[in-house]
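Asks: My structure is stored as final_22.cif, with mmCIF, C-alpha atoms.
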```cif
data_protein
#
loop_
_atom_site.label_atom_id
_atom_site.label_comp_id
_atom_site.auth_asym_id
_atom_site.auth_seq_id
_atom_site.Cartn_x
_atom_site.Cartn_y
_atom_site.Cartn_z
CA MET A 1 12.89 31.61 39.21
CA HIS A 2 10.94 28.72 37.75
CA ARG A 3 10.75 30.51 34.47
CA LYS A 4 14.53 30.86 34.40
CA ARG A 5 15.12 27.25 35.22
CA ALA A 6 12.96 26.01 32.40
CA GLU A 7 14.36 28.52 29.93
CA ILE A 8 16.38 25.96 27.99
CA ALA A 9 13.17 24.00 27.43
CA THR A 10 11.16 26.91 26.06
CA ASP A 11 13.58 29.41 24.57
CA GLN A 12 15.04 28.09 21.32
CA VAL A 13 18.06 30.41 21.44
CA ALA A 14 18.90 29.34 25.00
CA PHE A 15 18.38 25.70 24.07
CA GLU A 16 20.58 25.91 20.98
CA ALA A 17 23.41 27.44 23.02
CA PHE A 18 23.00 24.69 25.64
CA TYR A 19 22.97 22.01 22.94
CA ARG A 20 26.09 23.31 21.21
CA ARG A 21 27.93 23.57 24.54
CA HIS A 22 27.33 19.94 25.38
CA VAL A 23 26.58 17.87 22.28
CA ASP A 24 30.19 16.70 21.91
CA ALA A 25 30.50 15.72 25.55
CA ILE A 26 27.24 13.79 25.39
CA THR A 27 28.24 12.05 22.15
CA LEU A 28 31.46 10.88 23.81
CA PHE A 29 29.59 9.92 26.99
CA LEU A 30 27.42 7.66 24.86
CA ALA A 31 30.30 6.40 22.71
CA ARG A 32 31.90 5.13 25.90
CA ARG A 33 28.85 2.99 26.50
CA VAL A 34 27.43 2.04 23.14
CA GLU A 35 29.25 0.58 20.15
CA ASP A 36 26.78 1.14 17.32
CA PRO A 37 27.04 4.58 15.68
CA HIS A 38 23.36 4.74 14.74
CA THR A 39 22.40 3.99 18.30
CA VAL A 40 24.78 6.64 19.59
CA ALA A 41 23.23 9.25 17.29
CA ASP A 42 19.73 8.16 18.31
CA LEU A 43 20.65 8.41 21.96
CA VAL A 44 22.10 11.91 21.53
CA ALA A 45 18.68 12.96 20.24
CA GLU A 46 16.91 11.16 23.09
CA VAL A 47 19.10 12.73 25.77
CA PHE A 48 18.38 16.26 24.58
CA LEU A 49 14.73 15.41 24.18
CA ALA A 50 14.81 14.33 27.82
CA VAL A 51 16.36 17.71 28.61
CA LEU A 52 13.20 19.33 27.23
CA ASP A 53 11.15 17.08 29.51
CA SER A 54 13.15 17.62 32.66
CA ALA A 55 14.61 21.12 32.32
CA ARG A 56 12.41 22.08 35.26
CA THR A 57 14.57 19.98 37.57
CA TYR A 58 17.72 21.84 36.57
CA GLN A 59 18.92 24.34 39.13
CA PRO A 60 21.75 26.53 37.86
CA GLY A 61 23.05 27.28 41.36
CA LEU A 62 23.50 23.66 42.30
CA GLY A 63 26.46 22.71 40.15
CA PRO A 64 27.85 22.56 36.66
CA GLU A 65 25.24 21.89 33.98
CA LEU A 66 27.29 19.05 32.57
CA ALA A 67 26.93 17.10 35.80
CA TRP A 68 23.17 17.53 35.65
CA LEU A 69 23.21 16.62 31.97
CA TYR A 70 25.21 13.42 32.63
CA GLY A 71 22.50 12.51 35.11
CA VAL A 72 19.88 13.02 32.41
CA ALA A 73 21.98 11.00 29.97
CA ARG A 74 22.33 8.12 32.43
CA ASN A 75 18.60 8.00 33.02
CA THR A 76 17.88 8.19 29.31
CA LEU A 77 20.34 5.41 28.58
CA SER A 78 18.90 3.07 31.18
CA SER A 79 15.29 3.70 30.23
CA GLU A 80 16.14 3.40 26.54
CA ARG A 81 17.87 0.12 27.25
CA ARG A 82 14.74 -1.09 28.98
CA ARG A 83 12.44 -0.34 26.09
CA ALA A 84 15.13 -0.89 23.43
CA PHE A 85 14.22 2.57 22.10
CA LYS A 86 11.94 1.31 19.41
CA GLU A 87 9.75 4.38 19.14
CA SER A 88 11.69 7.58 19.10
CA ARG A 89 9.54 10.63 19.50
CA LEU A 90 11.56 12.49 16.88
CA THR A 91 11.08 12.09 13.19
CA ASN A 92 14.25 11.51 11.25
CA ARG A 93 14.26 7.74 11.42
CA VAL A 94 14.06 5.28 8.60
CA GLY A 95 13.18 1.71 9.47
CA GLY A 96 13.77 2.51 13.11
CA ARG A 97 17.28 3.82 12.53
CA ARG A 98 18.58 7.33 12.33
CA VAL A 99 19.79 8.38 8.89
CA LEU A 100 23.54 8.96 8.96
CA ASP A 101 25.66 9.90 5.97
CA THR A 102 29.13 8.39 5.50
CA ASP A 103 30.78 11.44 7.07
CA ASP A 104 28.67 11.16 10.20
CA LEU A 105 29.33 7.45 10.35
CA ALA A 106 33.08 7.91 10.06
CA ARG A 107 33.16 10.60 12.72
CA LEU A 108 31.05 8.54 15.09
CA GLU A 109 33.04 5.37 14.55
CA GLU A 110 36.20 7.30 15.25
CA ARG A 111 34.82 8.46 18.57
CA ILE A 112 33.50 5.05 19.46
CA ASP A 113 36.94 3.65 18.66
CA ALA A 114 38.65 6.26 20.79
CA GLU A 115 36.46 5.27 23.72
CA ARG A 116 37.25 1.57 23.40
CA SER A 117 39.34 1.42 26.58
CA ALA A 118 36.50 3.07 28.47
CA ARG A 119 34.16 0.32 27.38
CA GLU A 120 36.71 -2.24 28.59
CA VAL A 121 36.48 -0.59 31.97
CA PHE A 122 32.74 -1.03 31.93
CA LYS A 123 33.14 -4.73 31.37
CA ALA A 124 35.56 -4.93 34.26
CA MET A 125 33.11 -3.09 36.46
CA ALA A 126 30.29 -5.47 35.73
CA ASP A 127 30.71 -7.19 39.10
CA LEU A 128 30.23 -4.07 41.20
CA SER A 129 26.88 -3.17 42.68
CA GLU A 130 24.83 -0.79 40.54
CA ARG A 131 25.27 2.07 43.03
CA GLU A 132 29.04 1.71 43.29
CA ARG A 133 29.35 1.30 39.57
CA ALA A 134 27.40 4.49 38.89
CA VAL A 135 29.80 6.63 40.92
CA LEU A 136 32.90 4.94 39.57
CA GLU A 137 31.65 5.34 36.02
CA LEU A 138 31.13 9.06 36.31
CA VAL A 139 34.40 9.71 38.11
CA VAL A 140 36.78 7.35 36.34
CA VAL A 141 35.26 7.11 32.90
CA ASP A 142 33.55 10.47 32.49
CA GLN A 143 36.08 12.39 34.57
CA LEU A 144 33.63 14.18 36.82
CA THR A 145 34.68 15.24 40.29
CA VAL A 146 33.08 13.32 43.15
CA THR A 147 30.82 16.29 43.89
CA GLU A 148 29.70 16.50 40.27
CA ALA A 149 29.03 12.78 40.17
CA ALA A 150 26.89 13.19 43.29
CA ILE A 151 24.88 15.91 41.52
CA ALA A 152 24.44 13.71 38.45
CA LEU A 153 23.13 10.88 40.63
CA GLY A 154 21.12 13.03 42.99
CA ILE A 155 22.99 11.80 46.08
CA ARG A 156 25.07 13.55 48.77
CA PRO A 157 28.79 14.07 48.06
CA GLY A 158 29.67 12.10 51.19
CA THR A 159 27.65 9.14 49.98
CA ALA A 160 29.33 9.32 46.60
CA LYS A 161 32.75 9.36 48.26
CA VAL A 162 32.00 6.24 50.29
CA ARG A 163 30.69 4.34 47.28
CA LEU A 164 33.67 5.37 45.16
CA HIS A 165 36.08 4.21 47.85
CA ARG A 166 34.38 0.82 48.10
CA ALA A 167 34.34 0.38 44.33
CA ARG A 168 38.01 1.21 44.02
CA ARG A 169 38.92 -1.25 46.76
CA LYS A 170 37.04 -4.01 45.01
CA LEU A 171 38.77 -3.26 41.74
CA GLN A 172 42.30 -2.84 43.09
CA ALA A 173 43.42 -5.78 41.06
CA LEU A 174 42.51 -4.06 37.84
CA PRO A 175 45.15 -1.49 36.85
CA LEU A 176 43.08 -0.59 33.78
CA VAL A 177 40.41 0.96 35.94
CA MET A 178 42.75 3.12 37.93
CA GLU A 179 44.39 4.41 34.82
CA GLY A 180 43.33 7.96 34.06
CA ALA A 181 41.46 8.30 37.30
CA PRO A 182 41.84 11.85 38.60
CA GLY A 183 43.36 12.25 42.07
CA MET B 1 23.94 18.07 7.14
CA ARG B 2 25.90 16.76 10.10
CA PHE B 3 23.82 14.57 12.37
CA GLU B 4 24.28 17.03 15.24
CA GLU B 5 22.64 19.77 13.17
CA GLN B 6 19.89 17.42 12.05
CA ILE B 7 19.12 16.51 15.66
CA LEU B 8 19.13 20.16 16.71
CA MET B 9 16.64 20.95 13.94
CA GLU B 10 14.34 18.13 15.04
CA LEU B 11 14.53 19.23 18.65
CA LYS B 12 13.63 22.81 17.75
CA ALA B 13 10.67 21.55 15.75
CA GLU B 14 9.65 19.56 18.84
CA MET B 15 9.91 22.71 20.98
CA THR B 16 7.65 24.56 18.55
CA ALA B 17 5.15 21.71 18.57
CA ARG B 18 5.13 21.67 22.37
CA ALA B 19 4.64 25.42 22.56
CA GLU B 20 1.64 25.10 20.26
CA ARG B 21 0.18 22.31 22.37
CA ARG B 22 0.57 24.44 25.48
CA HIS B 23 -1.23 27.30 23.79
CA ARG B 24 -4.05 25.06 22.79
CA THR B 25 -4.66 23.55 26.21
CA ARG B 26 -4.07 26.67 28.25
CA ARG B 27 -5.67 29.23 26.06
CA ARG B 28 -4.80 32.36 27.92
CA LEU B 29 -3.37 34.45 25.16
CA PHE B 30 -1.84 37.83 25.47
CA THR B 31 -2.47 40.04 22.48
CA GLY B 32 -2.46 43.65 21.51
CA ALA B 33 1.15 44.33 22.46
CA ALA B 34 1.19 46.69 19.50
CA VAL B 35 -1.33 48.83 21.34
CA ALA B 36 -0.30 50.27 24.69
CA GLY B 37 -0.24 47.50 27.25
CA LEU B 38 -1.48 43.98 26.78
CA ALA B 39 -4.98 42.72 26.32
CA ALA B 40 -5.59 39.35 27.84
CA VAL B 41 -7.84 36.80 26.28
CA THR B 42 -9.36 33.83 27.99
CA ALA B 43 -10.40 31.51 25.25
CA ILE B 44 -11.81 28.06 25.73
CA ALA B 45 -14.08 26.39 23.27
CA VAL B 46 -17.52 25.74 24.74
CA PRO B 47 -20.31 24.01 22.85
CA LEU B 48 -23.00 26.25 21.43
CA LEU B 49 -26.24 24.58 20.50
CA THR B 50 -27.80 25.70 17.25
CA GLY B 51 -31.02 25.10 15.41
CA SER B 52 -32.88 24.45 18.62
CA GLU B 53 -36.14 25.96 19.79
CA GLN B 54 -34.69 27.22 23.03
CA PRO B 55 -34.02 30.89 23.80
CA ALA B 56 -30.74 32.46 22.68
CA TYR B 57 -29.37 32.30 26.19
CA ALA B 58 -30.21 31.53 29.79
CA VAL B 59 -29.19 33.54 32.85
CA ALA B 60 -29.38 32.20 36.40
CA GLU B 61 -28.31 33.81 39.65
CA ASN B 62 -26.51 31.61 42.17
CA ALA B 63 -26.86 31.81 45.95
CA ASP B 64 -23.34 33.21 46.31
CA GLY B 65 -24.11 36.13 44.00
CA THR B 66 -22.39 34.73 40.94
CA ILE B 67 -24.28 34.48 37.66
CA ASN B 68 -24.42 31.51 35.34
CA VAL B 69 -24.89 32.21 31.66
CA GLN B 70 -25.58 29.58 29.02
CA LEU B 71 -25.35 30.68 25.40
CA ASN B 72 -27.44 28.79 22.90
CA GLU B 73 -27.31 31.10 19.92
CA PHE B 74 -25.36 34.13 18.83
CA ARG B 75 -28.24 36.64 18.91
CA ASP B 76 -29.91 39.12 21.28
CA ALA B 77 -26.63 40.46 22.68
CA ASP B 78 -28.40 43.71 23.62
CA LYS B 79 -31.02 41.83 25.59
CA LEU B 80 -28.35 39.83 27.44
CA GLU B 81 -26.56 43.10 28.28
CA ARG B 82 -29.83 44.48 29.76
CA ASP B 83 -30.41 41.29 31.76
CA LEU B 84 -26.91 41.48 33.22
CA GLU B 85 -27.33 45.19 33.93
CA ARG B 86 -30.37 44.29 36.02
CA LEU B 87 -28.11 41.94 38.00
CA LYS B 88 -25.69 44.85 38.60
CA VAL B 89 -23.14 43.81 35.96
CA PRO B 90 -22.53 46.43 33.30
CA ALA B 91 -21.48 44.35 30.31
CA ASP B 92 -20.44 44.91 26.71
CA ILE B 93 -21.09 41.83 24.61
CA THR B 94 -19.96 41.18 21.03
CA TYR B 95 -20.55 38.11 18.90
CA LEU B 96 -17.95 37.47 16.22
CA LYS B 97 -17.56 35.24 13.19
CA PRO B 98 -14.72 32.66 13.18
CA GLY B 99 -11.27 34.17 12.71
CA LYS B 100 -12.38 37.64 13.83
CA SER B 101 -11.61 39.69 16.90
CA CYS B 102 -12.09 43.22 18.17
CA GLU B 103 -9.22 45.50 17.32
CA GLY B 104 -6.65 46.32 20.03
CA ASN B 105 -7.51 47.36 23.56
CA ARG B 106 -10.97 48.74 24.00
CA GLY B 107 -10.23 50.81 27.06
CA LYS B 108 -8.17 50.80 30.25
CA ILE B 109 -8.06 47.09 31.07
CA VAL B 110 -7.89 46.19 34.75
CA GLY B 111 -4.78 44.01 35.20
CA GLY B 112 -3.88 44.47 31.55
CA ALA B 113 -0.38 45.89 31.88
CA SER B 114 1.49 42.58 31.94
CA PRO B 115 0.94 38.83 32.27
CA GLU B 116 2.08 39.07 35.91
CA GLU B 117 -0.44 41.79 36.70
CA TRP B 118 -3.17 39.83 34.93
CA GLU B 119 -2.78 36.78 37.20
CA GLY B 120 -5.38 37.13 39.91
CA SER B 121 -6.64 40.52 38.69
CA ALA B 122 -10.33 41.40 38.48
CA SER B 123 -10.20 40.78 34.71
CA ASP B 124 -8.77 37.32 35.36
CA LYS B 125 -11.39 36.44 37.96
CA ALA B 126 -14.55 38.12 36.64
CA VAL B 127 -15.47 35.29 34.28
CA ARG B 128 -15.00 31.55 34.75
CA LEU B 129 -15.75 29.19 31.91
CA ARG B 130 -17.65 26.03 32.64
CA PRO B 131 -16.77 23.81 29.69
CA GLY B 132 -19.91 22.40 28.13
CA LYS B 133 -22.15 24.53 30.33
CA GLY B 134 -21.36 28.14 29.53
CA PHE B 135 -19.70 30.53 31.93
CA THR B 136 -20.03 32.14 35.33
CA ILE B 137 -19.71 35.85 36.06
CA ASP B 138 -18.60 37.05 39.48
CA PRO B 139 -20.03 40.58 39.88
CA ARG B 140 -17.71 41.29 42.82
CA HIS B 141 -14.88 41.76 40.35
CA VAL B 142 -16.69 44.39 38.32
CA GLY B 143 -16.48 47.61 40.32
CA THR B 144 -18.25 50.93 40.07
CA GLY B 145 -17.51 52.69 36.81
CA GLN B 146 -16.19 49.46 35.30
CA THR B 147 -17.58 47.32 32.49
CA LEU B 148 -17.23 43.62 31.83
CA VAL B 149 -16.21 43.32 28.18
CA MET B 150 -16.88 39.97 26.52
CA ALA B 151 -16.24 39.11 22.88
CA PHE B 152 -17.41 35.67 21.79
CA THR B 153 -15.94 34.20 18.63
CA GLU B 154 -17.67 31.35 16.90
CA ARG B 155 -15.59 28.23 16.29
CA THR B 156 -16.56 25.62 13.77
CA GLY B 157 -16.16 22.07 14.93
CA GLY B 158 -13.87 19.77 12.95
CA ALA B 159 -14.95 16.44 11.49
CA ALA B 160 -13.57 14.64 14.52
CA GLU B 161 -15.97 16.58 16.69
CA ALA B 162 -19.00 15.74 14.57
CA ALA B 163 -20.62 13.99 17.51
CA LYS B 164 -20.52 17.14 19.60
CA PRO B 165 -22.59 20.26 18.90
CA ALA B 166 -21.53 21.69 15.58
CA VAL B 167 -20.85 25.22 16.79
CA GLN B 168 -18.54 26.27 19.57
CA TRP B 169 -17.25 29.60 20.77
CA GLN B 170 -14.23 31.06 22.46
CA LEU B 171 -14.30 34.04 24.74
CA ALA B 172 -12.13 37.08 25.32
CA ALA B 173 -13.24 38.63 28.59
CA TYR B 174 -11.82 41.44 30.71
CA VAL B 175 -12.86 44.35 32.89
CA VAL B 176 -12.46 47.89 31.58
CA GLU B 177 -12.19 50.96 33.79
CA GLY B 178 -14.20 53.89 32.40
CA GLN B 179 -15.31 54.18 28.83
CA VAL B 180 -15.38 51.16 26.52
CA LYS B 181 -14.55 51.78 22.89
CA PRO B 182 -16.82 50.08 20.35
CA CYS B 183 -15.57 46.86 18.76
CA VAL B 184 -13.86 47.35 15.43
CA VAL B 185 -13.93 43.90 13.83
CA VAL B 186 -10.58 42.76 12.41
CA ASP B 187 -8.95 39.46 11.43
CA ASP B 188 -7.70 37.75 14.59
CA PRO B 189 -3.91 37.53 14.27
CA LEU B 190 -3.83 34.68 16.80
CA TRP B 191 -6.59 32.66 15.19
CA ASP B 192 -5.39 29.09 14.90
CA ASP B 193 -7.58 26.87 12.86
CA ALA B 194 -4.78 24.64 11.69
CA ASP B 195 -6.29 21.58 13.32
CA ARG B 196 -9.69 22.23 11.83
CA PRO B 197 -10.37 21.49 8.17
CA GLY B 198 -11.81 24.14 5.89
CA ARG B 199 -10.92 27.42 7.57
CA PRO B 200 -14.06 29.56 7.17
CA SER B 201 -13.85 32.50 4.82
CA PRO B 202 -13.74 35.85 6.61
CA ALA B 203 -17.09 37.51 7.06
CA SER B 204 -17.83 40.35 9.42
CA SER B 205 -20.63 40.19 11.92
#
```
Just give me the structure as structure tokens.
Replies:
Amino acid sequence: MHRKRAEIATDQVAFEAFYRRHVDAITLFLARRVEDPHTVADLVAEVFLAVLDSARTYQPGLGPELAWLYGVARNTLSSERRRAFKESRLTNRVGGRRVLDTDDLARLEERIDAERSAREVFKAMADLSERERAVLELVVVDQLTVTEAAIALGIRPGTAKVRLHRARRKLQALPLVMEGAPG
Amino acid sequence: MRFEEQILMELKAEMTARAERRHRTRRRLFTGAAVAGLAAVTAIAVPLLTGSEQPAYAVAENADGTINVQLNEFRDADKLERDLERLKVPADITYLKPGKSCEGNRGKIVGGASPEEWEGSASDKAVRLRPGKGFTIDPRHVGTGQTLVMAFTERTGGAAEAAKPAVQWQLAAYVVEGQVKPCVVVDDPLWDDADRPGRPSPASS
């Protein structure tokens, strides 16, 4: 069982399939939170590198992989923010920045642009407690179900529900936040 | 190349690098798949002192019946085999030059059918390496009609290891049921000397 769980970390074919399934979702996840295209690209690399580190914690039976992966992405983002990701463990960096050609840049900027309203939501949510914000983020901004958000955060669905309810009540005055919220 | 492809390439390179690191630290390599079954190799570099006045090896029996062996030089394999025989361990010992190994499986290896079967088998348990001190044989895992097969391959120390003894060895050890075929020396397909400068030129023992 353990072997199966860690397969995406050791089997290159399995990893490539996993990467291709989710790289767009993760790029958008990061574009909703970070405005600089180089940083977004760097973070995409860091998130999947973290997948190699923590694939052992992934349990296929427990929920959709994307929920687990969003959890990894959140952790990566917060730890990268802490150390300002100055030393990436991967190689393709020049002067501390990932090399992007004009095509890459344009595509990334487009995505970052498209996620502008999501970043507005983040600003509006700044006053919530970290725990409430985490649930709201995943449900409202990343469109996970409450159960999936609970998986991503490693908490019980009931707990996630309570925190989401509290966050929404606090933000009732902000129509922007409720926009696009499922159910 | 799109940045997504570039990242994927870097990540795959990282996976390869990690796999190599794992191999290096946990040197239990499975070889000989081309031959029937799998031969398992326990290989950990242990210092081998050279140029000293001391005997080629030292054998000591422990209170619990296990046997400590310290190798100082790659000579007198026959004598070591006779000493072990006296301690009720039929053994077949081969000393090999760097980059060499014995060809294929040299008999019916106990626990040699698969990595799963190897874990905890007599072959797995018969020999324990004591890094820096040699190795310990547990005779309880070598049954009647069985032979402990040990092939030692010399490793040359890199410049970074200059402070340590200049010669080290790695060991492939397993228990064979019945007859043991003689060692046919071949180039070791799994020999990795990438981290050591000046890979020695092949020379048979």
Asks: CA of Asp188 in chain B and CA of Tyr57 in chain B, how far apart in Å?
Replies: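 These atoms are spaced 25.2 Å apart.
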Asks: Please report as CSV every residue of chain A lying within 10 Å of chain B, along with the nearest atom pair and their distance in Å (one decimal), using all atoms listed in the file.
Replies:
```
residue,atom,partner,partner_atom,distance
A:Ala9,CA,B:Met15,CA,7.3
A:Thr10,CA,B:Met15,CA,6.7
A:Asp11,CA,B:Met15,CA,8.4
A:Gln12,CA,B:Lys12,CA,6.5
A:Val13,CA,B:Lys12,CA,9.5
A:Phe15,CA,B:Lys12,CA,8.4
A:Glu16,CA,B:Leu8,CA,7.3
A:Tyr19,CA,B:Leu8,CA,7.5
A:Arg20,CA,B:Glu4,CA,8.9
A:Val23,CA,B:Glu4,CA,7.5
A:Asp24,CA,B:Glu4,CA,8.9
A:Thr27,CA,B:Glu4,CA,9.4
A:Ala41,CA,B:Phe3,CA,7.3
A:Asp42,CA,B:Ile7,CA,8.8
A:Val44,CA,B:Ile7,CA,8.0
A:Ala45,CA,B:Ile7,CA,5.8
A:Glu46,CA,B:Ile7,CA,9.4
A:Phe48,CA,B:Leu11,CA,7.7
A:Leu49,CA,B:Leu11,CA,6.7
A:Leu52,CA,B:Met15,CA,7.8
A:Arg89,CA,B:Glu14,CA,9.0
A:Leu90,CA,B:Glu10,CA,6.6
A:Thr91,CA,B:Glu10,CA,7.1
A:Asn92,CA,B:Glu10,CA,7.6
A:Arg98,CA,B:Phe3,CA,8.9
A:Val99,CA,B:Phe3,CA,8.2
A:Leu100,CA,B:Phe3,CA,6.6
A:Asp101,CA,B:Arg2,CA,8.0
A:Asp103,CA,B:Arg2,CA,7.8
A:Asp104,CA,B:Arg2,CA,6.2
A:Leu105,CA,B:Phe3,CA,9.2
A:Arg107,CA,B:Arg2,CA,9.9
A:Leu108,CA,B:Phe3,CA,9.8
```
Asks: Write out as a list in words each polymer residue whose atoms come within 7 Å of Val146 in chain A, counting only C-alpha atoms; drop sequence neighbours fewer than 4 positions from it.
Replies: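 In the requested form, the answer reads Val139, Ala150, Pro157, Ala160 and Lys161 of chain A.
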Asks: Convert the output of the PyMOL selection byres ((chain A and resi 128) around 12) on the shown file into explicit residues, formatted as a list in words.
Replies: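 In the shown coordinates, the PyMOL selection byres ((chain A and resi 128) around 12) covers Val121, Phe122, Lys123, Ala124, Met125, Ala126, Asp127, Ser129, Glu130, Arg131, Glu132, Arg133, Ala134, Val135, Leu136, Glu137, Arg163, Leu164, Arg166, Ala167, Arg168, Arg169, Lys170 and Leu171 of chain A.
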Asks: What's the separation between CA of Arg130 in chain B and CA of Glu85 in chain B, in Å to one decimal place?
Replies: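 A separation of 21.5 Å between them.
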Asks: Determine, counting all atoms listed in the file, which protein, DNA and RNA residues have an atom within 12 Å of an atom of Leu43 in chain A; residues of the same chain fewer than 4 positions away are not included. Present the result as number ranges by chain.
Replies: A: 23, 26-31, 33-39, 47-50, 72-81, 84-90, 97-98; B: 3-4, 7
Asks: Ranking A:Thr57, A:Ala149, A:Trp68, A:Arg32 by minimum distance to Ala114 in chain A and counting all atoms listed in the file, which one comes first?
Replies: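 Using all atoms listed in the file, Ala114 in chain A sits closest to A:Arg32.
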Asks: Between CA of Thr145 in chain A and CA of Glu110 in chain A, what distance in Å does the model show, to one decimal?
Replies: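 Computing the Euclidean distance for CA of Thr145 in chain A and CA of Glu110 in chain A yields 26.3 Å.
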